[in-house]
Amino acid sequence: MKRLRVAIDGPAGAGKSTVAKRVAQRLGILYVDTGAMYRALTLKVIRNHIDFSDRDMVTDLAERTQILLQNSPSGQLVILDGEDVTEEIRTPSVTRAVSVISAIPGVRKHMVVKQRALASRQGVVMDGRDIGTYVLPDADVKIFLTASLRTRAERRFQDMLEKGYLVTLEEIEEEIRKRDELDSKRDIAPLEQASDAVLIDSTGLSIGQVVERILGICLNYLGTDRKGAE
Ligand code: CDP
Ligand code: CDP
């Protein structure tokens with residue numbers, strides 16, 4: 001099969017990682033969670049008590065950090081300097097700080113090099129905020145996945161309750177709103193829909209319905225591409 005490159009972008013809680021994982025599995029290609037990379041670095045910044053506004057220090061730390069995404073039977077593991085931090089990067093303290101850290105130009109530059117290298121070697125489904133617009137502008141399939149703010153907050157709220165966190169729906173909605181705003185307004189590679197991306201609003205759609213729509217777009221692309229080559 002052609003080395004298909006699928007970019008899935010959108011705001012927090014739209015369902016990107018959940019559907020990207022399944023689409024990658026069905027296509028038999030690698031899933032790359034770019035948000036996990038920014039989260040892992042943010043965890044290290046917090047642990048090292050580095051001032052978030054010290055952009056040079058944070059960039060320097062990024063350059064001295066190894067972040068690996070490893071597939072395992074239980075899902076994708078995030079390895080930070082040899083340590084499994086898969087769970088810890090989802091804590092509220094990391095979530096609150098990640099958009100500030102990811103807006104630092106030196107951090108993005110460093111991460112994007114790694115992300116492009118991954119996609120140059122194999123077919124990928126990559127999810128994030130700037131994949132279709134900046135990381136892989138020539139991706140074969142680009143999806144912009146969204147849902148209403150309330151729906152996204154309700155989904156995240158449910159996830160947090162299941163993990164045992166004591167939070168309110170209003171707090172989650174406010175955190176998501178703030179993060180979306182920071183992600184959309186930053187100077188470098190902000191969150192925005194690529195002009196050639198297919199918009200999918202998942203409000204009221206099941207995970208399965210979203211997965212099937214994206215797979216349909218991928219298979220359509222592969223079919224057209226194959227015909228073009230004949
Ligand atoms: O899963 P959730 O939507 O909460 O976020 P994520 O995908 O884990 O991404 C966490 C944060 O990383 C985002 O809010 C962005 O600030 C940043 N990010 C980014 O700037 N660019 C990407 N390609 C992916 C994530
Ligand atoms: O990666 P992103 O922040 O866009 O979303 P996620 O981490 O995949 O979280 C979305 C949550 O909503 C998960 O708990 C999914 O099970 C759920 N969900 C979904 O992803 N898609 C739907 N159409 C319905 C629910």
# chains A, B, ... in the order shown; residues from 1 in each chain; ligands from 1
$ residues_around --residues "range 164-181 of chain A" --least-positions-apart "2" --cutoff "12 Å" --atoms "only C-alpha atoms" --output "compact mmCIF listing (two decimals) with N, CA, C and O atoms, in the first residue's frame"
# COMPACT_ATOMS: atom_id res chain seq x y z
N GLY A 10 -7.61 19.70 15.25
CA GLY A 10 -8.86 20.20 15.83
C GLY A 10 -8.67 20.57 17.28
O GLY A 10 -7.60 20.33 17.86
N PRO A 11 -9.69 21.16 17.88
CA PRO A 11 -9.58 21.60 19.27
C PRO A 11 -9.65 20.46 20.27
O PRO A 11 -9.95 19.31 19.89
N ALA A 12 -9.41 20.77 21.54
CA ALA A 12 -9.38 19.76 22.60
C ALA A 12 -10.73 19.06 22.76
O ALA A 12 -11.78 19.70 22.74
N GLY A 13 -10.68 17.75 22.90
CA GLY A 13 -11.89 16.97 23.17
C GLY A 13 -12.74 16.67 21.95
O GLY A 13 -13.84 16.12 22.07
N ALA A 14 -12.24 16.99 20.77
CA ALA A 14 -13.02 16.74 19.55
C ALA A 14 -13.06 15.24 19.24
O ALA A 14 -13.89 14.77 18.46
N ARG A 90 -1.21 13.30 31.48
CA ARG A 90 -2.65 13.68 31.36
C ARG A 90 -3.17 14.36 32.62
O ARG A 90 -4.36 14.59 32.74
N THR A 91 -2.31 14.63 33.60
CA THR A 91 -2.79 15.24 34.84
C THR A 91 -3.18 16.70 34.59
O THR A 91 -2.65 17.35 33.67
N PRO A 92 -4.09 17.25 35.43
CA PRO A 92 -4.53 18.63 35.23
C PRO A 92 -3.38 19.64 35.22
O PRO A 92 -3.43 20.62 34.48
N SER A 93 -2.32 19.41 36.02
CA SER A 93 -1.26 20.43 36.05
C SER A 93 -0.54 20.50 34.70
O SER A 93 -0.17 21.58 34.23
N VAL A 94 -0.36 19.37 34.05
CA VAL A 94 0.27 19.38 32.72
C VAL A 94 -0.71 20.01 31.72
O VAL A 94 -0.32 20.87 30.91
N THR A 95 -1.96 19.63 31.80
CA THR A 95 -2.97 20.16 30.85
C THR A 95 -3.05 21.68 30.94
O THR A 95 -3.14 22.36 29.91
N ARG A 96 -2.99 22.21 32.16
CA ARG A 96 -3.09 23.67 32.32
C ARG A 96 -1.88 24.40 31.72
O ARG A 96 -2.02 25.51 31.24
N ALA A 97 -0.71 23.77 31.74
CA ALA A 97 0.51 24.47 31.32
C ALA A 97 0.89 24.24 29.86
O ALA A 97 1.64 25.03 29.27
N VAL A 98 0.38 23.17 29.26
CA VAL A 98 0.92 22.74 27.96
C VAL A 98 0.78 23.77 26.84
O VAL A 98 1.68 23.91 26.00
N SER A 99 -0.28 24.56 26.84
CA SER A 99 -0.44 25.51 25.73
C SER A 99 0.55 26.67 25.81
O SER A 99 0.87 27.29 24.79
N VAL A 100 1.04 26.95 27.02
CA VAL A 100 2.04 28.01 27.17
C VAL A 100 3.39 27.49 26.66
O VAL A 100 4.10 28.16 25.91
N ILE A 101 3.70 26.27 27.04
CA ILE A 101 4.98 25.67 26.63
C ILE A 101 5.00 25.45 25.10
O ILE A 101 5.99 25.72 24.43
N SER A 102 3.88 24.99 24.57
CA SER A 102 3.86 24.67 23.13
C SER A 102 3.82 25.90 22.24
O SER A 102 3.98 25.80 21.02
N ALA A 103 3.63 27.09 22.84
CA ALA A 103 3.64 28.31 22.02
C ALA A 103 5.05 28.86 21.85
O ALA A 103 5.27 29.83 21.12
N ARG A 129 -2.55 19.98 16.24
CA ARG A 129 -3.19 21.28 15.98
C ARG A 129 -2.75 21.88 14.66
O ARG A 129 -3.47 22.64 14.04
N THR A 146 -13.98 18.66 14.79
CA THR A 146 -14.41 19.56 15.85
C THR A 146 -15.71 19.05 16.46
O THR A 146 -16.24 18.00 16.07
N SER A 148 -19.06 20.90 19.35
CA SER A 148 -19.40 22.09 20.15
C SER A 148 -18.58 22.07 21.44
O SER A 148 -18.18 21.00 21.92
N LEU A 149 -18.35 23.26 21.99
CA LEU A 149 -17.56 23.37 23.22
C LEU A 149 -18.19 22.54 24.34
O LEU A 149 -17.51 21.83 25.07
N ARG A 150 -19.52 22.61 24.46
CA ARG A 150 -20.21 21.87 25.52
C ARG A 150 -19.98 20.35 25.37
O ARG A 150 -19.66 19.65 26.32
N THR A 151 -20.13 19.87 24.14
CA THR A 151 -19.94 18.43 23.89
C THR A 151 -18.51 18.02 24.24
O THR A 151 -18.28 17.00 24.90
N ARG A 152 -17.56 18.82 23.84
CA ARG A 152 -16.15 18.47 24.09
C ARG A 152 -15.87 18.47 25.59
O ARG A 152 -15.18 17.60 26.12
N ALA A 153 -16.46 19.47 26.29
CA ALA A 153 -16.26 19.54 27.75
C ALA A 153 -16.92 18.34 28.42
O ALA A 153 -16.34 17.75 29.35
N GLU A 154 -18.09 17.95 27.96
CA GLU A 154 -18.78 16.80 28.56
C GLU A 154 -17.97 15.51 28.38
O GLU A 154 -17.86 14.69 29.29
N ARG A 155 -17.37 15.37 27.22
CA ARG A 155 -16.55 14.17 26.97
C ARG A 155 -15.36 14.14 27.90
O ARG A 155 -15.04 13.12 28.51
N ARG A 156 -14.65 15.28 27.99
CA ARG A 156 -13.47 15.37 28.86
C ARG A 156 -13.84 15.16 30.33
O ARG A 156 -13.14 14.49 31.09
N PHE A 157 -14.99 15.73 30.71
CA PHE A 157 -15.49 15.62 32.09
C PHE A 157 -15.68 14.15 32.43
O PHE A 157 -15.24 13.66 33.47
N GLN A 158 -16.30 13.42 31.51
CA GLN A 158 -16.52 11.99 31.70
C GLN A 158 -15.19 11.25 31.87
O GLN A 158 -15.04 10.43 32.78
N ASP A 159 -14.23 11.58 31.01
CA ASP A 159 -12.90 10.96 31.09
C ASP A 159 -12.27 11.21 32.46
O ASP A 159 -11.69 10.31 33.07
N MET A 160 -12.37 12.46 32.95
CA MET A 160 -11.75 12.84 34.22
C MET A 160 -12.43 12.13 35.39
O MET A 160 -11.77 11.68 36.32
N LEU A 161 -13.77 12.04 35.32
CA LEU A 161 -14.50 11.34 36.40
C LEU A 161 -14.06 9.88 36.47
O LEU A 161 -13.82 9.34 37.54
N GLU A 162 -13.94 9.26 35.27
CA GLU A 162 -13.52 7.85 35.25
C GLU A 162 -12.13 7.66 35.84
O GLU A 162 -11.82 6.63 36.40
N ASP A 183 -4.15 28.25 21.84
CA ASP A 183 -3.67 27.47 20.69
C ASP A 183 -4.01 28.17 19.36
O ASP A 183 -3.26 28.07 18.39
N SER A 184 -5.15 28.87 19.33
CA SER A 184 -5.59 29.50 18.07
C SER A 184 -4.93 30.85 17.84
O SER A 184 -4.87 31.32 16.71
N LYS A 185 -4.48 31.48 18.94
CA LYS A 185 -3.96 32.85 18.79
C LYS A 185 -2.45 32.95 18.81
O LYS A 185 -1.92 34.05 18.70
N ARG A 186 -1.75 31.82 19.00
CA ARG A 186 -0.29 31.93 19.08
C ARG A 186 0.26 32.33 17.69
O ARG A 186 -0.39 32.11 16.67
N PRO A 190 -0.60 28.30 14.51
CA PRO A 190 -1.77 28.21 15.39
C PRO A 190 -2.76 27.14 14.93
O PRO A 190 -2.66 26.65 13.80
N LEU A 191 -3.68 26.82 15.84
CA LEU A 191 -4.74 25.87 15.49
C LEU A 191 -5.67 26.54 14.48
O LEU A 191 -6.29 27.56 14.79
N GLU A 192 -5.74 25.99 13.28
CA GLU A 192 -6.70 26.48 12.28
C GLU A 192 -6.92 25.39 11.24
O GLU A 192 -6.08 24.52 11.05
$ select_by_dssp --residues "range 33-155 of chain A" --states "alpha helix (DSSP H)" --output "count of residues only"
57
$ closest_residue --among "A:Asp56, A:Asp140, A:Glu63, A:Asp51" --to "Ile217 in chain A" --atoms "only C-alpha atoms"
A:Asp140
$ select_by_dssp --residues "range 12-222 of chain A" --states "strand (DSSP E)" --output "ChimeraX atom specification"
/A:30-33,67-72,75-80,83-84,124-128,141-146,198-201
$ write_last_selection --atoms "C-alpha atoms" --output "JSON list (two decimals), in the first residue's frame"
[["chain", "number", "residue", "atom", "x", "y", "z"],
["A", 30, "LEU", "CA", 1.59, 4.21, 12.69],
["A", 31, "TYR", "CA", -0.37, 6.56, 14.95],
["A", 32, "VAL", "CA", 1.52, 9.64, 16.13],
["A", 33, "ASP", "CA", 0.05, 11.67, 19.00],
["A", 67, "ILE", "CA", 10.60, 11.66, 23.80],
["A", 68, "LEU", "CA", 9.60, 8.36, 22.25],
["A", 69, "LEU", "CA", 6.15, 7.07, 21.29],
["A", 70, "GLN", "CA", 6.12, 3.30, 21.62],
["A", 71, "ASN", "CA", 3.34, 0.96, 20.56],
["A", 72, "SER", "CA", 2.37, -1.70, 23.10],
["A", 75, "GLY", "CA", -1.86, 1.28, 23.58],
["A", 76, "GLN", "CA", 0.73, 3.91, 22.80],
["A", 77, "LEU", "CA", 3.30, 4.53, 25.53],
["A", 78, "VAL", "CA", 5.00, 7.88, 25.97],
["A", 79, "ILE", "CA", 8.60, 7.52, 27.10],
["A", 80, "LEU", "CA", 10.35, 10.60, 28.49],
["A", 83, "GLU", "CA", 10.67, 6.71, 31.77],
["A", 84, "ASP", "CA", 7.08, 5.71, 31.01],
["A", 124, "VAL", "CA", 1.14, 7.74, 9.54],
["A", 125, "VAL", "CA", -2.02, 9.06, 11.07],
["A", 126, "MET", "CA", -0.82, 12.12, 12.97],
["A", 127, "ASP", "CA", -3.06, 14.19, 15.21],
["A", 128, "GLY", "CA", -2.50, 17.62, 16.70],
["A", 141, "VAL", "CA", -5.75, 13.29, 3.67],
["A", 142, "LYS", "CA", -6.47, 16.22, 5.99],
["A", 143, "ILE", "CA", -9.27, 16.21, 8.51],
["A", 144, "PHE", "CA", -10.35, 19.05, 10.77],
["A", 145, "LEU", "CA", -12.31, 17.41, 13.56],
["A", 146, "THR", "CA", -14.41, 19.56, 15.85],
["A", 198, "VAL", "CA", -12.33, 18.09, 5.29],
["A", 199, "LEU", "CA", -14.35, 19.47, 8.20],
["A", 200, "ILE", "CA", -16.07, 16.88, 10.40],
["A", 201, "ASP", "CA", -18.29, 18.07, 13.25]]
